[in-house]
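Trainee: First the structure, which I've put down as structure tokens, then a few questions once you've had a look.
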Amino acid sequence: MKNRLKVLRAERGWSQQDLAERLEVSRQSVNAIETGRYDPSLPLAFRIADLFGMAIEDIFQRGE
Amino acid sequence: MDSTLVSRRPVWLWGAAFFIGMFGTGFLARWFDLPSIPSALVMIPPMLLLIPFVRATERAQAACGALSPATQRYNRRGLAWSFAYVLLLFVAVAGSRALDAHGPLLWLLAVLPALPILYLVWAMARYLIEEQDEYLRMKVVNAALSATGLLLAVATVWGFLETFELVPHVPSWAAVPVWAIGLALGTFVNRWSEK
């Protein structure tokens, strides 16, 4: 799955640590999701979408 | 220099010091044929190296953004079971000799060293329940599956070799260190795959 997490985070001027704290996950988790090494569960994907005020499909797309 | 590398270096140093200290004093105790109590006493200082080893591990985990409250609790429990294991193993070995134990007392002493290992199994289960970070939990589950695969492979091959009297008998408690080696290898593979 591809995602726009890094771009969305950068647009808000957040570091990976900032985003991790907002999502209540580890910085390593944010890094793994951003780099496509880990696809989050549906509950975490919803939390990410809620945080950015977007739909899940606007952040995550099909593809490698 | 990469701060992650700097923070990880002491982990290896403390880990190496711990293992060299434990195996070294154990070897010396056997070499000089020390009785139970002196053997236990000389192994206390290297055993205490576990504390800075765990602290350095936590600093490294924090530096790479992988230290969760559940991980910290697991580390504390790991320290507790390690010390309890050494203490109860000493009580079991020394007690069975000193008291010339047999019958129910021998059963009680024999099962003592197993209790901290059961606590370790509980601590691992608690970690998987308490870990709120799904990515960190997945990594531990992957490493645990690798460890279980290694244990099954080693136990199966060794078991048949033993059946055909090609290798000596190994007590079944050896499953724990084999599993621990598998867990360490699995963790190493996790880290390597992240680079």
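If you're wondering about the labels, chains in the structure tokens are A, B, ... by order shown, residues count from 1 in each chain, ligands from 1 in order shown.
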Got a sec to pull out which chain A residues are within 9 Å of chain B, counting only C-alpha atoms, and send them as an NGL selection string?
Mentor: :A and (17 or 24-29 or 32 or 37-38 or 40-41 or 44)
Trainee: Using the selection just defined, write its residues with all heavy atoms as a CSV table (one decimal), in the first residue's frame.
Mentor:
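And here's again.csv as it stands now:
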chain,number,residue,atom,x,y,z
A,17,GLN,N,8.3,12.2,15.5
A,17,GLN,CA,8.0,12.1,17.0
A,17,GLN,C,6.7,12.8,17.3
A,17,GLN,O,5.9,12.3,18.1
A,17,GLN,CB,9.1,12.7,17.8
A,17,GLN,CG,9.0,12.6,19.3
A,17,GLN,CD,9.0,11.1,19.7
A,17,GLN,OE1,9.7,10.3,19.2
A,17,GLN,NE2,8.1,10.8,20.7
A,24,GLU,N,-0.3,8.3,19.5
A,24,GLU,CA,0.0,7.4,20.7
A,24,GLU,C,0.6,6.1,20.2
A,24,GLU,O,0.2,5.0,20.6
A,24,GLU,CB,-1.3,7.2,21.5
A,24,GLU,CG,-1.8,8.5,22.1
A,24,GLU,CD,-3.0,8.3,23.0
A,24,GLU,OE1,-3.7,7.3,22.8
A,24,GLU,OE2,-3.3,9.1,23.9
A,25,VAL,N,1.6,6.2,19.3
A,25,VAL,CA,2.3,5.1,18.9
A,25,VAL,C,3.8,5.4,18.9
A,25,VAL,O,4.2,6.6,19.2
A,25,VAL,CB,2.0,4.6,17.4
A,25,VAL,CG1,0.5,4.2,17.3
A,25,VAL,CG2,2.3,5.7,16.4
A,26,SER,N,4.7,4.5,18.7
A,26,SER,CA,6.1,4.7,18.7
A,26,SER,C,6.6,5.5,17.4
A,26,SER,O,5.9,5.4,16.4
A,26,SER,CB,6.9,3.4,18.9
A,26,SER,OG,6.7,2.6,17.7
A,27,ARG,N,7.7,6.2,17.6
A,27,ARG,CA,8.2,6.8,16.4
A,27,ARG,C,8.6,5.8,15.3
A,27,ARG,O,8.5,6.0,14.1
A,27,ARG,CB,9.5,7.6,16.8
A,27,ARG,CG,10.2,8.4,15.6
A,27,ARG,CD,11.1,9.4,16.1
A,27,ARG,NE,12.1,8.9,17.1
A,27,ARG,CZ,13.2,8.3,16.7
A,27,ARG,NH1,13.5,8.1,15.5
A,27,ARG,NH2,14.1,8.0,17.6
A,28,GLN,N,9.0,4.6,15.8
A,28,GLN,CA,9.4,3.6,14.8
A,28,GLN,C,8.2,3.1,14.0
A,28,GLN,O,8.3,2.8,12.8
A,28,GLN,CB,10.0,2.4,15.6
A,28,GLN,CG,11.0,1.6,14.8
A,28,GLN,CD,11.7,0.5,15.6
A,28,GLN,OE1,11.1,-0.5,16.0
A,28,GLN,NE2,12.9,0.8,16.0
A,29,SER,N,7.0,3.1,14.6
A,29,SER,CA,5.8,2.8,13.9
A,29,SER,C,5.5,3.8,12.8
A,29,SER,O,5.2,3.4,11.7
A,29,SER,CB,4.6,2.7,14.8
A,29,SER,OG,4.8,1.8,15.8
A,32,ALA,N,7.9,3.2,10.0
A,32,ALA,CA,7.6,2.0,9.2
A,32,ALA,C,6.4,2.2,8.3
A,32,ALA,O,6.4,1.7,7.2
A,32,ALA,CB,7.3,0.9,10.2
A,37,ARG,N,6.9,0.0,5.0
A,37,ARG,CA,7.3,-1.3,5.5
A,37,ARG,C,6.2,-2.0,6.3
A,37,ARG,O,6.3,-3.1,6.6
A,37,ARG,CB,8.6,-1.2,6.4
A,37,ARG,CG,9.9,-1.0,5.5
A,37,ARG,CD,11.1,-1.0,6.4
A,37,ARG,NE,11.2,0.3,7.1
A,37,ARG,CZ,11.1,0.4,8.4
A,37,ARG,NH1,10.8,-0.6,9.2
A,37,ARG,NH2,11.2,1.6,9.0
A,38,TYR,N,5.3,-1.1,6.7
A,38,TYR,CA,4.2,-1.7,7.5
A,38,TYR,C,2.9,-1.0,7.2
A,38,TYR,O,2.8,0.2,7.1
A,38,TYR,CB,4.5,-1.4,9.0
A,38,TYR,CG,3.4,-1.9,10.0
A,38,TYR,CD1,3.1,-3.2,10.1
A,38,TYR,CD2,2.6,-1.0,10.7
A,38,TYR,CE1,2.1,-3.7,10.9
A,38,TYR,CE2,1.6,-1.4,11.5
A,38,TYR,CZ,1.4,-2.7,11.7
A,38,TYR,OH,0.3,-3.2,12.5
A,40,PRO,N,-0.8,-0.2,8.4
A,40,PRO,CA,-1.4,-0.2,9.7
A,40,PRO,C,-2.8,-0.9,9.7
A,40,PRO,O,-3.3,-1.1,8.6
A,40,PRO,CB,-1.7,1.3,9.9
A,40,PRO,CG,-1.8,1.9,8.5
A,40,PRO,CD,-0.8,1.1,7.7
A,41,SER,N,-3.2,-1.3,10.9
A,41,SER,CA,-4.5,-2.0,11.0
A,41,SER,C,-5.6,-0.9,10.7
A,41,SER,O,-5.3,0.3,10.6
A,41,SER,CB,-4.7,-2.5,12.4
A,41,SER,OG,-4.8,-1.4,13.3
A,44,LEU,N,-6.0,1.8,13.4
A,44,LEU,CA,-4.9,2.8,13.4
A,44,LEU,C,-5.1,3.7,12.1
A,44,LEU,O,-4.9,4.9,12.2
A,44,LEU,CB,-3.6,2.1,13.4
A,44,LEU,CG,-2.4,3.1,13.4
A,44,LEU,CD1,-2.4,4.1,14.5
A,44,LEU,CD2,-1.1,2.3,13.5
Trainee: Give me the residues within 12 Å of Pro35 in chain B as a VMD selection string, counting only C-alpha atoms and dropping any in the same chain fewer than 3 places off.
Mentor: chain B and resid 26 28 to 32 38 to 42 90 93 to 94 97 to 98
Trainee: Write the residues of the selection above to a file with C-alpha atoms, as a PDB file, in the first residue's frame.
Mentor:
ATOM      1  CA  GLY B  26      30.940 -20.615  35.760  1.00  0.00           C
ATOM      2  CA  LEU B  28      36.308 -21.115  36.811  1.00  0.00           C
ATOM      3  CA  ALA B  29      33.936 -22.482  39.461  1.00  0.00           C
ATOM      4  CA  ARG B  30      34.002 -25.850  37.710  1.00  0.00           C
ATOM      5  CA  TRP B  31      37.750 -25.675  37.053  1.00  0.00           C
ATOM      6  CA  PHE B  32      38.494 -25.142  40.736  1.00  0.00           C
ATOM      7  CA  PRO B  38      31.358 -19.986  46.701  1.00  0.00           C
ATOM      8  CA  SER B  39      30.215 -20.769  43.121  1.00  0.00           C
ATOM      9  CA  ALA B  40      27.094 -18.696  43.662  1.00  0.00           C
ATOM     10  CA  LEU B  41      29.041 -15.868  45.290  1.00  0.00           C
ATOM     11  CA  VAL B  42      31.524 -15.478  42.421  1.00  0.00           C
ATOM     12  CA  PHE B  90      21.215 -22.180  43.728  1.00  0.00           C
ATOM     13  CA  VAL B  93      21.154 -27.461  43.897  1.00  0.00           C
ATOM     14  CA  ALA B  94      22.608 -26.523  47.283  1.00  0.00           C
ATOM     15  CA  ARG B  97      22.883 -31.706  48.471  1.00  0.00           C
ATOM     16  CA  ALA B  98      22.846 -30.216  51.956  1.00  0.00           C
TER      17      ALA B  98
END
Trainee: List the spatial neighbours of range 139-150 of chain B as an MDAnalysis selection string - criterion: any atom at most 9 Å away, only C-alpha atoms, same-chain residues fewer than 6 positions off excluded.
Mentor: chainID B and resid 128 178:190
Trainee: Could you save those same residues with N, CA, C and O atoms as an mmCIF file, in the first residue's frame?
Mentor:
data_model
loop_
_atom_site.group_PDB
_atom_site.id
_atom_site.type_symbol
_atom_site.label_atom_id
_atom_site.label_comp_id
_atom_site.auth_asym_id
_atom_site.auth_seq_id
_atom_site.Cartn_x
_atom_site.Cartn_y
_atom_site.Cartn_z
ATOM 1 N N LEU B 128 2.458 -9.112 25.276
ATOM 2 C CA LEU B 128 1.630 -9.119 24.060
ATOM 3 C C LEU B 128 0.243 -8.538 24.329
ATOM 4 O O LEU B 128 -0.359 -7.923 23.459
ATOM 5 N N VAL B 178 17.403 -22.311 23.923
ATOM 6 C CA VAL B 178 17.311 -22.406 22.452
ATOM 7 C C VAL B 178 16.274 -21.404 21.938
ATOM 8 O O VAL B 178 16.506 -20.681 20.963
ATOM 9 N N TRP B 179 15.134 -21.329 22.643
ATOM 10 C CA TRP B 179 14.077 -20.385 22.245
ATOM 11 C C TRP B 179 14.582 -18.946 22.374
ATOM 12 O O TRP B 179 14.311 -18.111 21.513
ATOM 13 N N ALA B 180 15.334 -18.676 23.450
ATOM 14 C CA ALA B 180 15.865 -17.321 23.668
ATOM 15 C C ALA B 180 16.841 -16.936 22.555
ATOM 16 O O ALA B 180 16.835 -15.788 22.086
ATOM 17 N N ILE B 181 17.660 -17.899 22.127
ATOM 18 C CA ILE B 181 18.587 -17.628 21.008
ATOM 19 C C ILE B 181 17.774 -17.311 19.748
ATOM 20 O O ILE B 181 18.087 -16.391 18.997
ATOM 21 N N GLY B 182 16.709 -18.083 19.540
ATOM 22 C CA GLY B 182 15.834 -17.832 18.386
ATOM 23 C C GLY B 182 15.203 -16.457 18.446
ATOM 24 O O GLY B 182 15.092 -15.763 17.430
ATOM 25 N N LEU B 183 14.806 -16.044 19.657
ATOM 26 C CA LEU B 183 14.192 -14.719 19.825
ATOM 27 C C LEU B 183 15.213 -13.616 19.510
ATOM 28 O O LEU B 183 14.885 -12.630 18.842
ATOM 29 N N ALA B 184 16.448 -13.822 19.965
ATOM 30 C CA ALA B 184 17.504 -12.838 19.686
ATOM 31 C C ALA B 184 17.787 -12.771 18.182
ATOM 32 O O ALA B 184 17.923 -11.679 17.612
ATOM 33 N N LEU B 185 17.842 -13.953 17.528
ATOM 34 C CA LEU B 185 18.069 -13.976 16.080
ATOM 35 C C LEU B 185 16.914 -13.300 15.337
ATOM 36 O O LEU B 185 17.127 -12.534 14.391
ATOM 37 N N GLY B 186 15.694 -13.585 15.785
ATOM 38 C CA GLY B 186 14.515 -12.973 15.167
ATOM 39 C C GLY B 186 14.529 -11.465 15.310
ATOM 40 O O GLY B 186 14.192 -10.729 14.371
ATOM 41 N N THR B 187 14.938 -10.986 16.492
ATOM 42 C CA THR B 187 15.032 -9.540 16.719
ATOM 43 C C THR B 187 16.095 -8.928 15.818
ATOM 44 O O THR B 187 15.910 -7.845 15.256
ATOM 45 N N PHE B 188 17.212 -9.664 15.662
ATOM 46 C CA PHE B 188 18.288 -9.185 14.793
ATOM 47 C C PHE B 188 17.808 -9.094 13.342
ATOM 48 O O PHE B 188 18.083 -8.110 12.651
ATOM 49 N N VAL B 189 17.073 -10.101 12.900
ATOM 50 C CA VAL B 189 16.542 -10.094 11.521
ATOM 51 C C VAL B 189 15.564 -8.924 11.354
ATOM 52 O O VAL B 189 15.565 -8.243 10.324
ATOM 53 N N ASN B 190 14.740 -8.673 12.385
ATOM 54 C CA ASN B 190 13.813 -7.525 12.354
ATOM 55 C C ASN B 190 14.574 -6.231 12.102
ATOM 56 O O ASN B 190 14.207 -5.419 11.256
#
Trainee: Give me the residues near Ala45 in chain A as JSON, numbers by chain, where near means some atom within 12 Å (using only C-alpha atoms) and where sequence neighbours in that chain fewer than 4 positions away do not count.
Mentor: {"A": [1, 3, 5, 23, 30, 33, 38, 39, 40, 41, 49, 50, 51, 52, 53, 54, 55, 56, 57, 58, 59, 60, 61], "B": [134]}
Trainee: Go ahead and save the picked residues with C-alpha atoms, as a PDB file, in the first residue's frame.
Mentor:
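For reference, selection-v4.pdb as written:
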ATOM      1  CA  MET A   1       0.000   0.000   0.000  1.00  0.00           C
ATOM      2  CA  ASN A   3       0.474   6.447   1.553  1.00  0.00           C
ATOM      3  CA  LEU A   5       1.671  10.307   5.431  1.00  0.00           C
ATOM      4  CA  LEU A  23      -1.276   8.940  17.376  1.00  0.00           C
ATOM      5  CA  VAL A  30       5.383   6.108  12.112  1.00  0.00           C
ATOM      6  CA  ILE A  33       4.228   3.217   7.933  1.00  0.00           C
ATOM      7  CA  TYR A  38       4.178  -1.689   7.544  1.00  0.00           C
ATOM      8  CA  ASP A  39       0.517  -1.326   6.659  1.00  0.00           C
ATOM      9  CA  PRO A  40      -1.447  -0.155   9.702  1.00  0.00           C
ATOM     10  CA  SER A  41      -4.503  -1.975  10.991  1.00  0.00           C
ATOM     11  CA  ALA A  49      -7.422   9.697   8.973  1.00  0.00           C
ATOM     12  CA  ASP A  50      -9.221  11.367  11.885  1.00  0.00           C
ATOM     13  CA  LEU A  51      -6.052  13.200  12.909  1.00  0.00           C
ATOM     14  CA  PHE A  52      -5.621  14.686   9.440  1.00  0.00           C
ATOM     15  CA  GLY A  53      -9.366  15.202   8.967  1.00  0.00           C
ATOM     16  CA  MET A  54      -9.383  13.128   5.800  1.00  0.00           C
ATOM     17  CA  ALA A  55     -10.834   9.863   4.510  1.00  0.00           C
ATOM     18  CA  ILE A  56      -8.635   6.781   4.720  1.00  0.00           C
ATOM     19  CA  GLU A  57      -8.568   6.409   0.938  1.00  0.00           C
ATOM     20  CA  ASP A  58      -7.211   9.957   0.632  1.00  0.00           C
ATOM     21  CA  ILE A  59      -4.169   8.940   2.669  1.00  0.00           C
ATOM     22  CA  PHE A  60      -3.698   5.278   1.711  1.00  0.00           C
ATOM     23  CA  GLN A  61      -3.837   3.977  -1.836  1.00  0.00           C
TER      24      GLN A  61
ATOM     25  CA  GLU B 134       0.696  -2.717  17.020  1.00  0.00           C
TER      26      GLU B 134
END
Trainee: Just the number, please: distance in Å from CA of Ala80 in chain B to CA of Thr25 in chain B, one decimal.
Mentor: 21.2 Å
Trainee: Based on DSSP run over this structure's backbone, return all residues of chain B in helix (DSSP H, G or I), as a ChimeraX atom specification.
Mentor: /B:3-31,36-48,50-63,69-98,104-111,114-130,134-163,172-194
Trainee: State, in Å with one decimal place, the distance from CA of Pro69 in chain B to CA of Tyr119 in chain B.
Mentor: 19.0 Å
Trainee: CA of Gly15 in chain B and CA of Leu50 in chain B are how many Å apart?
Mentor: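 Rounded to one decimal, the two atoms are 7.8 Å apart.
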Trainee: As an mmCIF file with all heavy atoms, in the first residue's frame, please: all residues of chain A that backbone DSSP puts in strand (DSSP E).
Mentor:
data_model
loop_
_atom_site.group_PDB
_atom_site.id
_atom_site.type_symbol
_atom_site.label_atom_id
_atom_site.label_comp_id
_atom_site.auth_asym_id
_atom_site.auth_seq_id
_atom_site.Cartn_x
_atom_site.Cartn_y
_atom_site.Cartn_z
ATOM 1 N N LYS A 2 0.454 2.260 -0.779
ATOM 2 C CA LYS A 2 1.176 3.545 -0.752
ATOM 3 C C LYS A 2 0.454 4.480 0.213
ATOM 4 O O LYS A 2 -0.730 4.293 0.487
ATOM 5 C CB LYS A 2 1.180 4.174 -2.144
ATOM 6 C CG LYS A 2 2.003 3.405 -3.175
ATOM 7 C CD LYS A 2 2.048 4.134 -4.494
ATOM 8 C CE LYS A 2 0.684 4.212 -5.154
ATOM 9 N NZ LYS A 2 0.711 4.804 -6.502
ATOM 10 N N ASN A 3 1.170 5.474 0.702
ATOM 11 C CA ASN A 3 0.474 6.447 1.553
ATOM 12 C C ASN A 3 1.120 7.826 1.446
ATOM 13 O O ASN A 3 2.269 7.949 1.002
ATOM 14 C CB ASN A 3 0.431 5.971 3.003
ATOM 15 C CG ASN A 3 1.782 5.977 3.662
ATOM 16 O OD1 ASN A 3 2.295 7.023 4.035
ATOM 17 N ND2 ASN A 3 2.389 4.795 3.806
ATOM 18 N N PHE A 60 -4.257 6.572 2.134
ATOM 19 C CA PHE A 60 -3.698 5.278 1.711
ATOM 20 C C PHE A 60 -4.280 4.876 0.360
ATOM 21 O O PHE A 60 -5.492 4.969 0.151
ATOM 22 C CB PHE A 60 -4.020 4.196 2.752
ATOM 23 C CG PHE A 60 -3.397 4.465 4.098
ATOM 24 C CD1 PHE A 60 -4.110 5.116 5.089
ATOM 25 C CD2 PHE A 60 -2.088 4.080 4.362
ATOM 26 C CE1 PHE A 60 -3.544 5.369 6.327
ATOM 27 C CE2 PHE A 60 -1.509 4.335 5.593
ATOM 28 C CZ PHE A 60 -2.235 4.979 6.584
ATOM 29 N N GLN A 61 -3.387 4.446 -0.523
ATOM 30 C CA GLN A 61 -3.837 3.977 -1.836
ATOM 31 C C GLN A 61 -3.266 2.588 -2.129
ATOM 32 O O GLN A 61 -2.259 2.209 -1.546
ATOM 33 C CB GLN A 61 -3.362 4.931 -2.950
ATOM 34 C CG GLN A 61 -4.008 6.309 -2.926
ATOM 35 C CD GLN A 61 -3.235 7.288 -2.082
ATOM 36 O OE1 GLN A 61 -2.014 7.232 -2.038
ATOM 37 N NE2 GLN A 61 -3.934 8.189 -1.407
#
Trainee: My list of candidates is B:Leu89, B:Leu99, B:Met43, B:Val11. Which is closest to Ala56 in chain B when distances are computed with only C-alpha atoms?
Mentor: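 With only C-alpha atoms as the atom set, the closest residue is B:Val11.
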